[in-house]
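J.: Attaching a single structure in structure tokens format; questions to follow.
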Amino acid sequence: MTIRRNKITVVGAGFTGATTALMLAQKELGDVVLVDIPQLENPTKGKALDMLEASPVQGFDSNIVGTSSYEDAAGSDIVIITAGIARKPGMSRDDLVSTNAGIVKSVCEQVKEKCPNAYVIILSNPVDAMTYVANETLGFPKNRVIGQSGVLDSARYRTFIAQELNVSVEDVVGVVLGGHGDDMVPLVRYTSVGGVPIEKLIPKERIDAIVQRTRTGGGEIVGLLGNGSAYYAPAASLVQMTEAILKDKKRILPTIALLQGEYGYENLFMGVLTVLGGDGIEKIIEIELTPEEKAALDKSAESVRNVIKIVQG
Ligand SMILES: NC(=O)C1=CN([C@@H]2O[C@H](COP(=O)(O)OP(=O)(O)OC[C@H]3O[C@@H](n4cnc5c(N)ncnc54)[C@H](O)[C@@H]3O)[C@@H](O)[C@H]2O)C=CC1
Ligand SMILES: O=C([O-])CC(=O)C(=O)O
């Protein structure tokens, strides 16, 4: 038997896709295929070649190719979908729904045909609804259709807490559940620093400010960039999820999963705590919530449902 490298396809070679491709290669998680539309074939090839030419300097042996043909993606172990338009200042993620639903559907038709065994991770926004669209188009088992929101939202939350206390980000444990919108739910009661609950370390009004900044964290970056949205932390989040699957790490990470009764939600894609390992979403972890936390999650679920209704037509 010959052992082969993992094959990871990243669809969309824009800010998030290109950054993800480079980070995947730097970690040698597999060979990377970067796919964009035919009109952008040469720039996509150019980006991939430029990244590959960094490999002797940085010392990684992952191959990276740019293409507009899904033939090159055939048989991928993981497919990451970043294709679509990004918001600009003044827009909400939900404003992208109609355009990106069409793009995600067309991408998933190709993925279904060429990568029937892949674990598919969706980034395109509004991501809860786009994960629904991907699932409808792919028809894959639910453990193989995974949306990215919570790793990023929790990373922002953890960053702000570490800044507040002037401590290592590595010692901050905190999780954000719910939809990837301004009513997402950072779980203060389950947040700790070095094992100490943050409510014992940070005054309530500062915690409230951190929660609010987390909820609007994507918009904060959009406002600063002026012409697009975040990509370094989103790419890092996609890489962590990919690593969890390819190395069967069984990480406990918040991901967008199909809920079928968990938390009382039926047939809803939304961010919850999951075990992410060699078989994708191996388990949904349902945690006990206070009535206030559950009400906040219900509100977020309602927002997600309303966007999914738009794509259902
Ligand atoms: N879920 C999350 O946490 C996050 C989601 N996003 C979303 O990810 C998406 C991508 O963001 P960026 O990379 O910054 O945008 P971008 O505009 O830099 O790149 C998007 C790329 O997708 C390509 N594309 C469009 N249609 C395609 C198709 N049919 N097939 C293949 N490629 C296609 C475009 O040509 C472009 O290169 C946006 O929808 C954005 O809102 C971004 C950050 C975080
Ligand atoms: O804010 C956006 O449009 C992109 C995104 O989802 C994020 O950075 O959280």
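Every chain in the structure tokens has a letter given in the order shown (A, B, ...), and although residue numbers restart at 1 in each chain, ligands are simply numbered from 1 in the order shown.
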Hey, which residues sit close to ligand 1? Say within 9 Å, counting only C-alpha atoms and all ligand atoms, and write them as an MDAnalysis selection string.
T.: chainID A and resid 11:19 35:40 44 68 81:87 93 96:97 100 102:107 122:128 147:153 180 218 228:235 237:238
J.: If you run DSSP on the backbone here, which positions in stretch 10-174 of chain A get strand (DSSP E or B)? Please write them as a PyMOL selection string.
T.: chain A and resi 10-11+31-35+64-67+78-81+119-122+145-147+172-173
J.: Quick one: residues within 8 Å of A:Gly66, only C-alpha atoms counted, chain neighbours fewer than 6 positions away excluded, as a VMD selection string?
T.: chain A and resid 33 to 36 41 44 to 49
J.: Could you tell me which of A:Gly271, A:Pro89, A:Gly178, A:Gly219 comes closest to ligand 2 if we count only C-alpha atoms and all ligand atoms?
T.: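 Looking at the shortest contact to ligand 2, the residue is A:Gly219.
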J.: May I ask which of the residues A:Ile8, A:Ala236, A:Ser55, A:Thr131 is the closest one to A:Ile78, counting only C-alpha atoms?
T.: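 That would be A:Ile8, the residue with the smallest distance to A:Ile78.
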J.: When DSSP works through the backbone of this structure, what residues of stretch 111-207 of chain A end up as helix (DSSP H, G or I), shown as a PyMOL selection string?
T.: chain A and resi 111-114+127-138+142-144+150-165+169-171+188-190+198-200+204-207
J.: Select, from A:Gly139, A:Gly181, A:Gly75, A:Gly174, the residue with the minimum atom-to-atom distance to A:Asp95, counting only C-alpha atoms.
T.: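 Residue with the minimum atom-to-atom distance to A:Asp95: A:Gly181.
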J.: Find the residues near A:Pro197: any atom within 12 Å, counting only C-alpha atoms, skip ones fewer than 3 places away on the same chain, and give them as a tab-separated table (two decimals) with N, CA and C atoms, in the first residue's frame.
T.:
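Generated file (out.tsv):
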```
chain	number	residue	atom	x	y	z
A	161	ILE	N	-11.20	38.81	25.78
A	161	ILE	CA	-11.05	38.48	27.21
A	161	ILE	C	-9.57	38.50	27.61
A	171	ASP	N	-4.97	30.50	27.60
A	171	ASP	CA	-5.61	30.11	28.86
A	171	ASP	C	-7.08	30.51	28.93
A	172	VAL	N	-7.59	31.11	27.85
A	172	VAL	CA	-9.00	31.53	27.84
A	172	VAL	C	-9.84	30.46	27.13
A	173	VAL	N	-10.79	29.91	27.85
A	173	VAL	CA	-11.72	28.94	27.28
A	173	VAL	C	-13.09	29.60	27.22
A	174	GLY	N	-13.65	29.67	26.03
A	174	GLY	CA	-14.96	30.30	25.91
A	174	GLY	C	-15.60	29.90	24.61
A	187	LEU	N	-21.33	32.36	25.58
A	187	LEU	CA	-21.81	31.76	26.83
A	187	LEU	C	-20.90	32.16	27.99
A	188	VAL	N	-21.24	33.25	28.64
A	188	VAL	CA	-20.42	33.82	29.71
A	188	VAL	C	-20.23	32.81	30.85
A	189	ARG	N	-21.31	32.12	31.18
A	189	ARG	CA	-21.29	31.21	32.33
A	189	ARG	C	-20.33	30.03	32.12
A	190	TYR	N	-20.04	29.73	30.84
A	190	TYR	CA	-19.14	28.62	30.52
A	190	TYR	C	-17.76	29.12	30.11
A	191	THR	N	-17.44	30.37	30.46
A	191	THR	CA	-16.16	30.94	30.05
A	191	THR	C	-15.24	31.03	31.25
A	192	SER	N	-14.00	30.59	31.05
A	192	SER	CA	-13.06	30.61	32.18
A	192	SER	C	-11.65	30.97	31.70
A	193	VAL	N	-10.86	31.42	32.66
A	193	VAL	CA	-9.46	31.75	32.38
A	193	VAL	C	-8.61	30.97	33.38
A	194	GLY	N	-7.81	30.06	32.85
A	194	GLY	CA	-7.01	29.21	33.74
A	194	GLY	C	-7.89	28.47	34.74
A	200	LYS	N	-15.77	35.95	37.97
A	200	LYS	CA	-15.01	36.24	39.19
A	200	LYS	C	-13.83	37.17	38.90
A	201	LEU	N	-13.56	37.42	37.63
A	201	LEU	CA	-12.35	38.17	37.26
A	201	LEU	C	-12.64	39.51	36.59
A	202	ILE	N	-13.81	39.61	35.92
A	202	ILE	CA	-14.11	40.81	35.13
A	202	ILE	C	-15.46	41.36	35.58
A	203	PRO	N	-15.55	42.69	35.83
A	203	PRO	CA	-16.84	43.25	36.25
A	203	PRO	C	-17.92	43.07	35.17
A	207	ILE	N	-17.83	42.66	31.00
A	207	ILE	CA	-18.21	41.41	30.30
A	207	ILE	C	-19.27	41.72	29.25
```
J.: Need the shell around stretch 300-309 of chain A: protein/DNA/RNA residues with any atom at most 10 Å away, counting only C-alpha atoms. Skip same-chain ones fewer than 2 positions apart. Format as a PyMOL selection string?
T.: chain A and resi 94-95+97-98+126-133+177-185+265+267-271+294-298+311-313
J.: Name all residues at most 7 Å from stretch 70-73 of chain A (count only C-alpha atoms; drop same-chain ones fewer than 6 positions away) and give them as a ChimeraX atom specification.
T.: /A:9,33,110,114
